[in-house]
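Written below as C-alpha coordinates is the structure these notes are about.
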2 protein chains.
Amino acid sequence: MSGGLTLKDVIWATPLYKFLRHCNSSPLEKIVLDCGAGGDDPPLQLFHEYGYRTYGVEVADNPFQQAKQFCKEHNIALNILKGDMRHLPFKSQFFSFAYSFNAIIFMTKQDIAHSLREIERVLRPTGLCFVNFVSVDEPTKGSFCKPFLGNTKFSQHEDNEADSYFSNFDIIHKEKRIVEKTTNRKRSVQVYIDYIAKKKTEPRDRLRLESESLTEE
Amino acid sequence: MSGGLTLKDVIWATPLYKFLRHCNSSPLEKIVLDCGAGGDDPPLQLFHEYGYRTYGVEVADNPFQQAKQFCKEHNIALNILKGDMRHLPFKSQFFSFAYSFNAIIFMTKQDIAHSLREIERVLRPTGLCFVNFVSVDEPTKGSFCKPFLGNTKFSQHEDNEADSYFSNFDIIHKEKRIVEKTTNRKRSVQVYIDYIAKKKTEPRDRLRLESESLTEE
(Lines give C-alpha, C1' and ligand atoms only; values in the text may rest on other atoms or scores of the structure.)
Protein backbone atom coordinates (compact mmCIF):
# COMPACT_ATOMS: atom_id res chain seq x y z
CA MET A 1 0.00 0.00 0.00
CA SER A 2 2.99 2.36 0.07
CA GLY A 3 4.92 4.01 -2.75
CA GLY A 4 3.43 4.08 -6.22
CA LEU A 5 0.70 1.51 -5.61
CA THR A 6 -2.91 2.59 -5.81
CA LEU A 7 -5.65 1.01 -3.69
CA LYS A 8 -6.68 -1.05 -6.68
CA ASP A 9 -3.33 -2.88 -6.75
CA VAL A 10 -4.05 -4.62 -3.46
CA ILE A 11 -5.71 -8.02 -3.75
CA TRP A 12 -7.71 -8.71 -0.61
CA ALA A 13 -8.49 -11.98 1.13
CA THR A 14 -10.72 -13.84 -1.31
CA PRO A 15 -13.74 -14.44 0.99
CA LEU A 16 -14.22 -10.66 1.06
CA TYR A 17 -14.72 -10.65 -2.71
CA LYS A 18 -17.31 -13.40 -2.36
CA PHE A 19 -19.21 -11.37 0.23
CA LEU A 20 -18.89 -8.19 -1.85
CA ARG A 21 -20.37 -10.05 -4.81
CA HIS A 22 -23.40 -11.03 -2.73
CA CYS A 23 -23.76 -7.46 -1.39
CA ASN A 24 -23.55 -6.02 -4.91
CA SER A 25 -26.45 -8.30 -5.90
CA SER A 26 -28.65 -7.05 -3.04
CA PRO A 27 -31.13 -4.23 -3.65
CA LEU A 28 -30.34 -2.70 -0.21
CA GLU A 29 -28.50 0.58 0.31
CA LYS A 30 -24.69 0.24 0.19
CA ILE A 31 -23.80 0.60 3.86
CA VAL A 32 -21.51 -1.94 5.52
CA LEU A 33 -20.02 -2.68 8.96
CA ASP A 34 -16.73 -4.49 9.66
CA CYS A 35 -16.48 -6.07 13.14
CA GLY A 36 -12.77 -6.29 13.90
CA ALA A 37 -11.90 -3.60 11.37
CA GLY A 38 -8.46 -2.48 12.53
CA GLY A 39 -4.89 -3.01 11.36
CA ASP A 40 -2.46 -1.18 9.11
CA ASP A 41 -4.34 -2.02 5.89
CA PRO A 42 -8.07 -2.11 6.72
CA PRO A 43 -10.11 -4.32 4.38
CA LEU A 44 -13.03 -1.86 4.47
CA GLN A 45 -11.09 -0.10 1.69
CA LEU A 46 -12.40 -2.74 -0.72
CA PHE A 47 -16.02 -1.79 0.04
CA HIS A 48 -15.16 1.92 0.03
CA GLU A 49 -13.66 1.50 -3.43
CA TYR A 50 -16.91 -0.09 -4.63
CA GLY A 51 -19.00 2.85 -3.42
CA TYR A 52 -20.13 1.63 0.01
CA ARG A 53 -20.57 3.83 3.07
CA THR A 54 -18.33 2.04 5.56
CA TYR A 55 -18.17 1.69 9.34
CA GLY A 56 -15.99 -0.48 11.52
CA VAL A 57 -15.40 -1.34 15.14
CA GLU A 58 -12.07 -2.44 16.60
CA VAL A 59 -11.66 -3.38 20.26
CA ALA A 60 -7.87 -3.75 20.46
CA ASP A 61 -5.73 -0.62 20.96
CA ASN A 62 -2.88 -1.26 18.55
CA PRO A 63 -4.91 -2.28 15.45
CA PHE A 64 -7.30 0.62 16.18
CA GLN A 65 -4.44 3.15 16.22
CA GLN A 66 -2.98 1.62 13.04
CA ALA A 67 -6.33 1.95 11.23
CA LYS A 68 -6.74 5.56 12.44
CA GLN A 69 -3.25 6.39 11.20
CA PHE A 70 -3.95 4.69 7.86
CA CYS A 71 -7.16 6.68 7.30
CA LYS A 72 -5.37 9.94 8.16
CA GLU A 73 -2.38 9.23 5.89
CA HIS A 74 -4.55 8.20 2.94
CA ASN A 75 -7.28 10.76 3.63
CA ILE A 76 -9.97 8.08 3.46
CA ALA A 77 -13.06 8.12 5.71
CA LEU A 78 -13.61 4.47 6.62
CA ASN A 79 -15.26 5.46 9.96
CA ILE A 80 -13.49 2.93 12.15
CA LEU A 81 -14.49 3.40 15.79
CA LYS A 82 -13.02 2.05 19.00
CA GLY A 83 -15.71 -0.42 19.97
CA ASP A 84 -16.71 -3.92 20.87
CA MET A 85 -18.78 -6.17 18.61
CA ARG A 86 -20.52 -7.61 21.66
CA HIS A 87 -22.13 -4.18 22.18
CA LEU A 88 -22.26 -2.46 18.82
CA PRO A 89 -22.56 1.34 19.10
CA PHE A 90 -25.18 1.58 16.35
CA LYS A 91 -28.94 1.70 16.36
CA SER A 92 -30.95 -1.30 15.24
CA GLN A 93 -31.28 -1.93 11.47
CA PHE A 94 -28.64 0.71 10.66
CA PHE A 95 -26.74 -1.53 8.21
CA SER A 96 -27.52 -3.48 5.07
CA PHE A 97 -24.35 -5.58 5.37
CA ALA A 98 -21.99 -6.63 8.15
CA TYR A 99 -18.98 -8.89 8.31
CA SER A 100 -16.31 -10.18 10.63
CA PHE A 101 -13.32 -11.75 8.90
CA ASN A 102 -10.68 -13.68 10.90
CA ALA A 103 -11.77 -11.80 14.01
CA ILE A 104 -14.65 -13.53 15.77
CA ILE A 105 -12.44 -16.62 16.08
CA PHE A 106 -10.50 -14.95 18.90
CA MET A 107 -13.55 -14.84 21.18
CA THR A 108 -15.17 -17.42 23.44
CA LYS A 109 -18.21 -19.20 22.01
CA GLN A 110 -20.44 -17.32 24.44
CA ASP A 111 -19.10 -13.99 23.17
CA ILE A 112 -19.45 -15.17 19.57
CA ALA A 113 -23.14 -15.87 20.25
CA HIS A 114 -23.53 -12.36 21.77
CA SER A 115 -21.79 -10.77 18.81
CA LEU A 116 -23.94 -12.58 16.27
CA ARG A 117 -27.06 -11.34 18.06
CA GLU A 118 -25.65 -7.82 17.86
CA ILE A 119 -24.87 -8.21 14.15
CA GLU A 120 -28.43 -9.43 13.65
CA ARG A 121 -29.79 -6.43 15.58
CA VAL A 122 -27.96 -3.79 13.50
CA LEU A 123 -28.87 -5.46 10.20
CA ARG A 124 -31.99 -4.60 8.22
CA PRO A 125 -34.36 -7.40 7.22
CA THR A 126 -32.83 -9.24 4.23
CA GLY A 127 -29.46 -7.71 5.18
CA LEU A 128 -26.42 -9.94 4.65
CA CYS A 129 -23.62 -10.95 6.97
CA PHE A 130 -20.35 -12.78 6.47
CA VAL A 131 -18.59 -14.52 9.37
CA ASN A 132 -15.83 -17.13 9.31
CA PHE A 133 -14.88 -19.71 11.92
CA VAL A 134 -11.95 -22.04 12.51
CA SER A 135 -12.85 -25.71 12.13
CA VAL A 136 -12.09 -28.40 14.73
CA ASP A 137 -10.26 -30.10 11.85
CA GLU A 138 -7.51 -27.48 11.96
CA PRO A 139 -4.56 -29.44 13.36
CA THR A 140 -2.69 -26.56 15.01
CA LYS A 141 -5.18 -25.94 17.85
CA GLY A 142 -3.58 -22.48 18.02
CA SER A 143 -3.40 -20.42 21.18
CA PHE A 144 -2.62 -16.70 21.22
CA CYS A 145 0.45 -14.97 22.61
CA LYS A 146 -1.61 -13.05 25.16
CA PRO A 147 -5.18 -13.39 26.43
CA PHE A 148 -7.82 -11.51 24.44
CA LEU A 149 -11.24 -10.66 25.91
CA GLY A 150 -10.73 -13.39 28.49
CA ASN A 151 -9.87 -15.98 25.84
CA THR A 152 -6.53 -17.67 25.13
CA LYS A 153 -7.27 -20.07 22.26
CA PHE A 154 -9.05 -19.84 18.91
CA SER A 155 -12.63 -21.04 19.23
CA GLN A 156 -12.95 -24.06 16.93
CA HIS A 157 -16.26 -25.29 15.56
CA GLU A 158 -17.66 -28.60 14.30
CA ASP A 159 -18.99 -28.63 10.72
CA ASN A 160 -22.56 -27.62 11.64
CA GLU A 161 -22.02 -26.22 15.12
CA ALA A 162 -21.99 -22.55 14.07
CA ASP A 163 -25.33 -22.96 12.24
CA SER A 164 -27.01 -22.33 15.59
CA TYR A 165 -25.76 -18.70 15.67
CA PHE A 166 -27.80 -18.04 12.53
CA SER A 167 -31.26 -19.11 13.67
CA ASN A 168 -32.72 -15.75 12.59
CA PHE A 169 -30.92 -15.89 9.27
CA ASP A 170 -31.13 -17.98 6.13
CA ILE A 171 -27.69 -19.45 5.45
CA ILE A 172 -27.27 -18.86 1.73
CA HIS A 173 -23.60 -19.82 1.31
CA LYS A 174 -21.49 -22.00 3.55
CA GLU A 175 -17.99 -23.02 2.60
CA LYS A 176 -15.51 -25.23 4.41
CA ARG A 177 -11.99 -24.56 3.20
CA ILE A 178 -9.10 -26.91 3.91
CA VAL A 179 -6.04 -24.86 2.97
CA GLU A 180 -2.56 -26.39 2.66
CA LYS A 181 0.25 -23.91 2.14
CA THR A 182 3.91 -24.64 1.56
CA THR A 183 6.34 -21.79 2.16
CA ASN A 184 10.09 -22.46 2.24
CA ARG A 185 9.36 -26.20 2.37
CA LYS A 186 7.26 -25.74 5.51
CA ARG A 187 3.73 -27.08 5.16
CA SER A 188 0.82 -25.64 7.14
CA VAL A 189 -2.86 -26.57 7.19
CA GLN A 190 -5.69 -24.19 8.05
CA VAL A 191 -9.37 -25.12 8.04
CA TYR A 192 -12.09 -22.46 7.92
CA ILE A 193 -15.86 -22.50 7.75
CA ASP A 194 -17.26 -19.37 6.06
CA TYR A 195 -20.91 -18.32 6.29
CA ILE A 196 -22.90 -15.84 4.24
CA ALA A 197 -26.37 -15.45 5.75
CA LYS A 198 -29.42 -13.31 5.06
CA LYS A 199 -31.41 -11.86 7.96
CA LYS A 200 -34.95 -13.19 8.02
CA THR A 201 -37.84 -10.81 7.56
CA GLU A 202 -40.03 -10.88 10.67
CA PRO A 203 -43.80 -10.63 10.31
CA ARG A 204 -43.86 -7.01 11.56
CA ASP A 205 -41.08 -6.09 9.11
CA ARG A 206 -42.97 -7.73 6.27
CA LEU A 207 -46.00 -5.59 7.06
CA ARG A 208 -43.86 -2.45 7.18
CA LEU A 209 -42.06 -3.32 3.94
CA GLU A 210 -45.37 -4.01 2.23
CA SER A 211 -46.87 -0.71 3.38
CA GLU A 212 -43.70 1.16 2.24
CA SER A 213 -43.87 -0.44 -1.16
CA LEU A 214 -47.56 0.52 -1.35
CA THR A 215 -46.65 4.12 -0.48
CA GLU A 216 -43.99 4.19 -3.20
CA GLU A 217 -46.30 3.02 -5.93
CA MET B 1 -21.11 -6.04 -17.92
CA SER B 2 -23.56 -4.06 -19.99
CA GLY B 3 -24.95 -0.57 -19.59
CA GLY B 4 -23.24 1.83 -17.20
CA LEU B 5 -21.03 -0.72 -15.44
CA THR B 6 -17.28 -0.46 -15.78
CA LEU B 7 -15.03 -3.51 -15.76
CA LYS B 8 -14.14 -2.78 -12.14
CA ASP B 9 -17.72 -3.36 -11.03
CA VAL B 10 -17.56 -7.06 -11.85
CA ILE B 11 -16.49 -9.32 -8.99
CA TRP B 12 -14.88 -12.44 -10.42
CA ALA B 13 -14.78 -15.98 -9.07
CA THR B 14 -12.71 -15.72 -5.92
CA PRO B 15 -10.02 -18.34 -6.76
CA LEU B 16 -8.93 -16.02 -9.59
CA TYR B 17 -8.15 -13.28 -7.06
CA LYS B 18 -6.09 -15.76 -5.05
CA PHE B 19 -4.08 -16.69 -8.14
CA LEU B 20 -3.71 -13.03 -9.15
CA ARG B 21 -2.34 -12.26 -5.69
CA HIS B 22 0.31 -14.95 -6.11
CA CYS B 23 1.16 -13.71 -9.62
CA ASN B 24 1.47 -10.11 -8.38
CA SER B 25 4.01 -11.33 -5.80
CA SER B 26 6.17 -13.01 -8.46
CA PRO B 27 9.12 -11.14 -9.97
CA LEU B 28 8.35 -12.59 -13.43
CA GLU B 29 7.05 -10.55 -16.37
CA LYS B 30 3.25 -10.05 -16.32
CA ILE B 31 2.17 -12.41 -19.10
CA VAL B 32 -0.63 -14.90 -18.48
CA LEU B 33 -2.47 -17.70 -20.31
CA ASP B 34 -6.07 -18.84 -19.71
CA CYS B 35 -6.83 -22.41 -20.86
CA GLY B 36 -10.56 -22.50 -21.48
CA ALA B 37 -10.78 -18.73 -21.86
CA GLY B 38 -14.06 -18.31 -23.72
CA GLY B 39 -17.56 -17.19 -22.83
CA ASP B 40 -19.48 -13.94 -22.88
CA ASP B 41 -17.55 -12.40 -19.99
CA PRO B 42 -13.95 -13.69 -20.20
CA PRO B 43 -12.15 -13.71 -16.83
CA LEU B 44 -8.88 -12.67 -18.50
CA GLN B 45 -10.27 -9.14 -18.11
CA LEU B 46 -9.25 -9.27 -14.46
CA PHE B 47 -5.60 -9.82 -15.39
CA HIS B 48 -5.82 -7.26 -18.20
CA GLU B 49 -7.10 -4.72 -15.72
CA TYR B 50 -4.09 -5.40 -13.48
CA GLY B 51 -1.63 -4.73 -16.30
CA TYR B 52 -1.00 -8.26 -17.57
CA ARG B 53 -0.40 -9.17 -21.21
CA THR B 54 -3.09 -11.83 -21.71
CA TYR B 55 -3.58 -14.84 -23.98
CA GLY B 56 -6.26 -17.50 -23.96
CA VAL B 57 -7.25 -20.66 -25.78
CA GLU B 58 -10.79 -21.91 -26.20
CA VAL B 59 -11.61 -25.17 -27.94
CA ALA B 60 -15.42 -24.93 -28.10
CA ASP B 61 -17.04 -22.93 -30.91
CA ASN B 62 -19.76 -21.08 -29.05
CA PRO B 63 -17.71 -19.76 -26.10
CA PHE B 64 -14.93 -18.84 -28.54
CA GLN B 65 -17.32 -16.76 -30.67
CA GLN B 66 -18.78 -15.13 -27.54
CA ALA B 67 -15.32 -14.12 -26.32
CA LYS B 68 -14.39 -12.77 -29.76
CA GLN B 69 -17.59 -10.73 -29.83
CA PHE B 70 -16.94 -9.45 -26.30
CA CYS B 71 -13.41 -8.27 -27.16
CA LYS B 72 -14.70 -6.52 -30.30
CA GLU B 73 -17.58 -4.80 -28.50
CA HIS B 74 -15.41 -3.63 -25.60
CA ASN B 75 -12.35 -2.91 -27.76
CA ILE B 76 -10.14 -4.97 -25.46
CA ALA B 77 -7.25 -7.14 -26.72
CA LEU B 78 -7.39 -10.28 -24.59
CA ASN B 79 -5.87 -12.39 -27.42
CA ILE B 80 -8.18 -15.37 -27.12
CA LEU B 81 -7.38 -17.94 -29.82
CA LYS B 82 -9.28 -20.97 -31.03
CA GLY B 83 -7.12 -23.72 -29.62
CA ASP B 84 -6.78 -26.83 -27.56
CA MET B 85 -4.99 -26.93 -24.23
CA ARG B 86 -3.74 -30.43 -25.05
CA HIS B 87 -1.62 -28.87 -27.83
CA LEU B 88 -0.96 -25.26 -26.87
CA PRO B 89 -0.06 -23.05 -29.86
CA PHE B 90 2.76 -21.29 -28.01
CA LYS B 91 6.49 -21.85 -27.81
CA SER B 92 8.05 -23.27 -24.67
CA GLN B 93 8.53 -20.94 -21.71
CA PHE B 94 6.43 -18.19 -23.32
CA PHE B 95 4.38 -17.50 -20.18
CA SER B 96 5.04 -16.55 -16.58
CA PHE B 97 1.55 -17.61 -15.47
CA ALA B 98 -1.13 -19.98 -16.71
CA TYR B 99 -4.48 -21.06 -15.35
CA SER B 100 -7.50 -23.18 -16.14
CA PHE B 101 -10.57 -22.41 -14.06
CA ASN B 102 -13.65 -24.69 -14.15
CA ALA B 103 -12.50 -25.98 -17.55
CA ILE B 104 -10.07 -28.89 -17.21
CA ILE B 105 -12.78 -30.75 -15.27
CA PHE B 106 -14.62 -31.45 -18.54
CA MET B 107 -11.77 -33.58 -19.90
CA THR B 108 -10.78 -37.20 -19.34
CA LYS B 109 -7.98 -37.80 -16.84
CA GLN B 110 -5.65 -38.77 -19.67
CA ASP B 111 -6.32 -35.45 -21.42
CA ILE B 112 -5.90 -33.58 -18.13
CA ALA B 113 -2.44 -35.14 -17.77
CA HIS B 114 -1.59 -34.08 -21.35
CA SER B 115 -2.81 -30.56 -20.71
CA LEU B 116 -0.81 -30.19 -17.51
CA ARG B 117 2.34 -31.24 -19.39
CA GLU B 118 1.54 -28.56 -21.98
CA ILE B 119 0.98 -25.94 -19.30
CA GLU B 120 4.31 -26.95 -17.78
CA ARG B 121 6.02 -26.65 -21.18
CA VAL B 122 4.81 -23.11 -21.90
CA LEU B 123 5.67 -21.86 -18.40
CA ARG B 124 9.02 -20.35 -17.50
CA PRO B 125 10.96 -21.81 -14.58
CA THR B 126 9.38 -20.53 -11.33
CA GLY B 127 6.25 -19.68 -13.34
CA LEU B 128 2.93 -20.24 -11.59
CA CYS B 129 -0.17 -22.16 -12.59
CA PHE B 130 -3.66 -22.43 -11.14
CA VAL B 131 -5.89 -25.42 -11.90
CA ASN B 132 -9.04 -26.59 -10.13
CA PHE B 133 -10.60 -30.05 -10.00
CA VAL B 134 -13.92 -31.50 -8.89
CA SER B 135 -13.61 -33.76 -5.83
CA VAL B 136 -15.00 -37.29 -5.64
CA ASP B 137 -16.87 -35.95 -2.59
CA GLU B 138 -19.16 -33.89 -4.80
CA PRO B 139 -22.47 -35.70 -4.51
CA THR B 140 -23.95 -34.75 -7.89
CA LYS B 141 -21.60 -36.89 -10.03
CA GLY B 142 -22.61 -34.53 -12.83
CA SER B 143 -22.71 -35.53 -16.46
CA PHE B 144 -22.83 -33.05 -19.36
CA CYS B 145 -25.66 -32.52 -21.82
CA LYS B 146 -23.51 -33.50 -24.80
CA PRO B 147 -20.11 -35.21 -25.12
CA PHE B 148 -17.07 -32.91 -24.99
CA LEU B 149 -13.67 -34.04 -26.32
CA GLY B 150 -14.82 -37.64 -26.05
CA ASN B 151 -15.90 -37.19 -22.42
CA THR B 152 -19.41 -37.19 -20.94
CA LYS B 153 -18.87 -36.72 -17.18
CA PHE B 154 -16.85 -34.37 -15.00
CA SER B 155 -13.56 -35.99 -14.04
CA GLN B 156 -13.59 -36.28 -10.26
CA HIS B 157 -10.44 -36.60 -8.17
CA GLU B 158 -9.51 -38.03 -4.78
CA ASP B 159 -7.95 -35.61 -2.27
CA ASN B 160 -4.34 -36.23 -3.37
CA GLU B 161 -4.90 -37.84 -6.76
CA ALA B 162 -4.25 -34.68 -8.79
CA ASP B 163 -0.90 -34.13 -7.03
CA SER B 164 0.63 -36.51 -9.59
CA TYR B 165 0.00 -34.02 -12.42
CA PHE B 166 2.33 -31.57 -10.68
CA SER B 167 5.49 -33.69 -10.37
CA ASN B 168 7.57 -30.97 -12.04
CA PHE B 169 6.01 -28.28 -9.88
CA ASP B 170 6.10 -27.33 -6.23
CA ILE B 171 2.53 -27.21 -4.95
CA ILE B 172 2.49 -23.98 -2.95
CA HIS B 173 -1.25 -23.68 -2.22
CA LYS B 174 -3.85 -26.42 -2.25
CA GLU B 175 -7.41 -25.78 -1.13
CA LYS B 176 -10.33 -28.15 -0.87
CA ARG B 177 -13.60 -26.22 -0.83
CA ILE B 178 -16.89 -27.78 0.22
CA VAL B 179 -19.48 -25.25 -0.91
CA GLU B 180 -23.13 -25.43 0.17
CA LYS B 181 -25.44 -22.96 -1.53
CA THR B 182 -29.11 -22.39 -0.89
CA THR B 183 -31.09 -20.58 -3.59
CA ASN B 184 -34.88 -20.44 -3.40
CA ARG B 185 -34.78 -23.09 -0.65
CA LYS B 186 -32.89 -25.47 -2.94
CA ARG B 187 -29.61 -26.67 -1.44
CA SER B 188 -26.67 -27.71 -3.61
CA VAL B 189 -23.21 -28.96 -2.69
CA GLN B 190 -20.10 -28.54 -4.80
CA VAL B 191 -16.64 -29.75 -3.83
CA TYR B 192 -13.52 -28.40 -5.52
CA ILE B 193 -9.80 -28.92 -5.09
CA ASP B 194 -7.76 -25.88 -6.20
CA TYR B 195 -4.02 -25.97 -6.86
CA ILE B 196 -1.50 -23.17 -7.20
CA ALA B 197 1.86 -24.60 -8.22
CA LYS B 198 5.27 -23.22 -9.14
CA LYS B 199 7.27 -24.78 -11.97
CA LYS B 200 10.52 -26.26 -10.74
CA THR B 201 13.79 -24.86 -11.99
CA GLU B 202 15.69 -27.59 -13.84
CA PRO B 203 19.50 -27.81 -13.48
CA ARG B 204 20.07 -26.39 -16.99
CA ASP B 205 17.67 -23.51 -16.24
CA ARG B 206 19.46 -22.79 -13.00
CA LEU B 207 22.76 -22.50 -14.88
CA ARG B 208 21.17 -20.20 -17.47
CA LEU B 209 19.51 -18.05 -14.82
CA GLU B 210 22.80 -17.78 -12.92
CA SER B 211 24.73 -16.79 -16.05
CA GLU B 212 22.05 -14.21 -16.94
CA SER B 213 22.25 -12.72 -13.50
CA LEU B 214 26.05 -12.59 -13.82
CA THR B 215 25.74 -10.82 -17.17
CA GLU B 216 23.38 -8.27 -15.71
CA GLU B 217 25.75 -7.34 -12.91
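So you can find residues: chains in the C-alpha coordinates are A, B, ... in the order shown, residues in each start at 1, and ligands are numbered from 1 in order.
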Requested in this report: May I ask you to extract the residues of chain A within 6 Å of chain B, using only C-alpha atoms, and to give them as a count of residues only?
Outcome: 14
Requested in this report: Mind giving me the straight-line distance from atom CA of Ser155 of chain B to atom CA of Ile119 of chain B in Å, one decimal?
Outcome: 18.4 Å
Requested in this report: Among the residues of segment 19-184 of chain A, find those DSSP assigns to alpha helix (DSSP H) from the backbone and print them as an NGL selection string.
Outcome: :A and (19-24 or 44-49 or 61-73 or 109-122)
Give me, as JSON lines, the closest atom pair and its distance (Å, one decimal) for every residue of segment 79-118 of chain B within a cut-off of 8 Å of segment 52-62 of chain B, counting only C-alpha atoms, rows sorted by chain and rising number.
```
{"residue": "B:Asn79", "atom": "CA", "partner": "B:Tyr55", "partner_atom": "CA", "distance": 4.8}
{"residue": "B:Ile80", "atom": "CA", "partner": "B:Gly56", "partner_atom": "CA", "distance": 4.3}
{"residue": "B:Leu81", "atom": "CA", "partner": "B:Val57", "partner_atom": "CA", "distance": 4.9}
{"residue": "B:Lys82", "atom": "CA", "partner": "B:Glu58", "partner_atom": "CA", "distance": 5.2}
{"residue": "B:Gly83", "atom": "CA", "partner": "B:Val57", "partner_atom": "CA", "distance": 4.9}
{"residue": "B:Asp84", "atom": "CA", "partner": "B:Val59", "partner_atom": "CA", "distance": 5.1}
{"residue": "B:Met85", "atom": "CA", "partner": "B:Val57", "partner_atom": "CA", "distance": 6.8}
{"residue": "B:Leu88", "atom": "CA", "partner": "B:Val57", "partner_atom": "CA", "distance": 7.9}
```
**Report entry** Residue neighbourhood segment 157-164 of chain A, 7 Å, only C-alpha atoms, exclusion window fewer than 4 positions, as a list in words
**Finding:**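 With the cut-off at 7 Å, the set is Phe133, Val134, Ser135 and Val136 of chain A.
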Query raised in the report: Do you have the atom CA of Tyr99 of chain A-atom CA of Lys198 of chain A distance handy?
Result: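 Distance between the two atoms: 11.8 Å.
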Requested in this report: Give the strand (DSSP E) residues of chain A, as assigned by DSSP on the backbone, as number ranges by chain.
Outcome: A: 31-35, 53-58, 80-82, 95-100, 123-135, 143-148, 151-153, 156-157, 169-183, 186-199
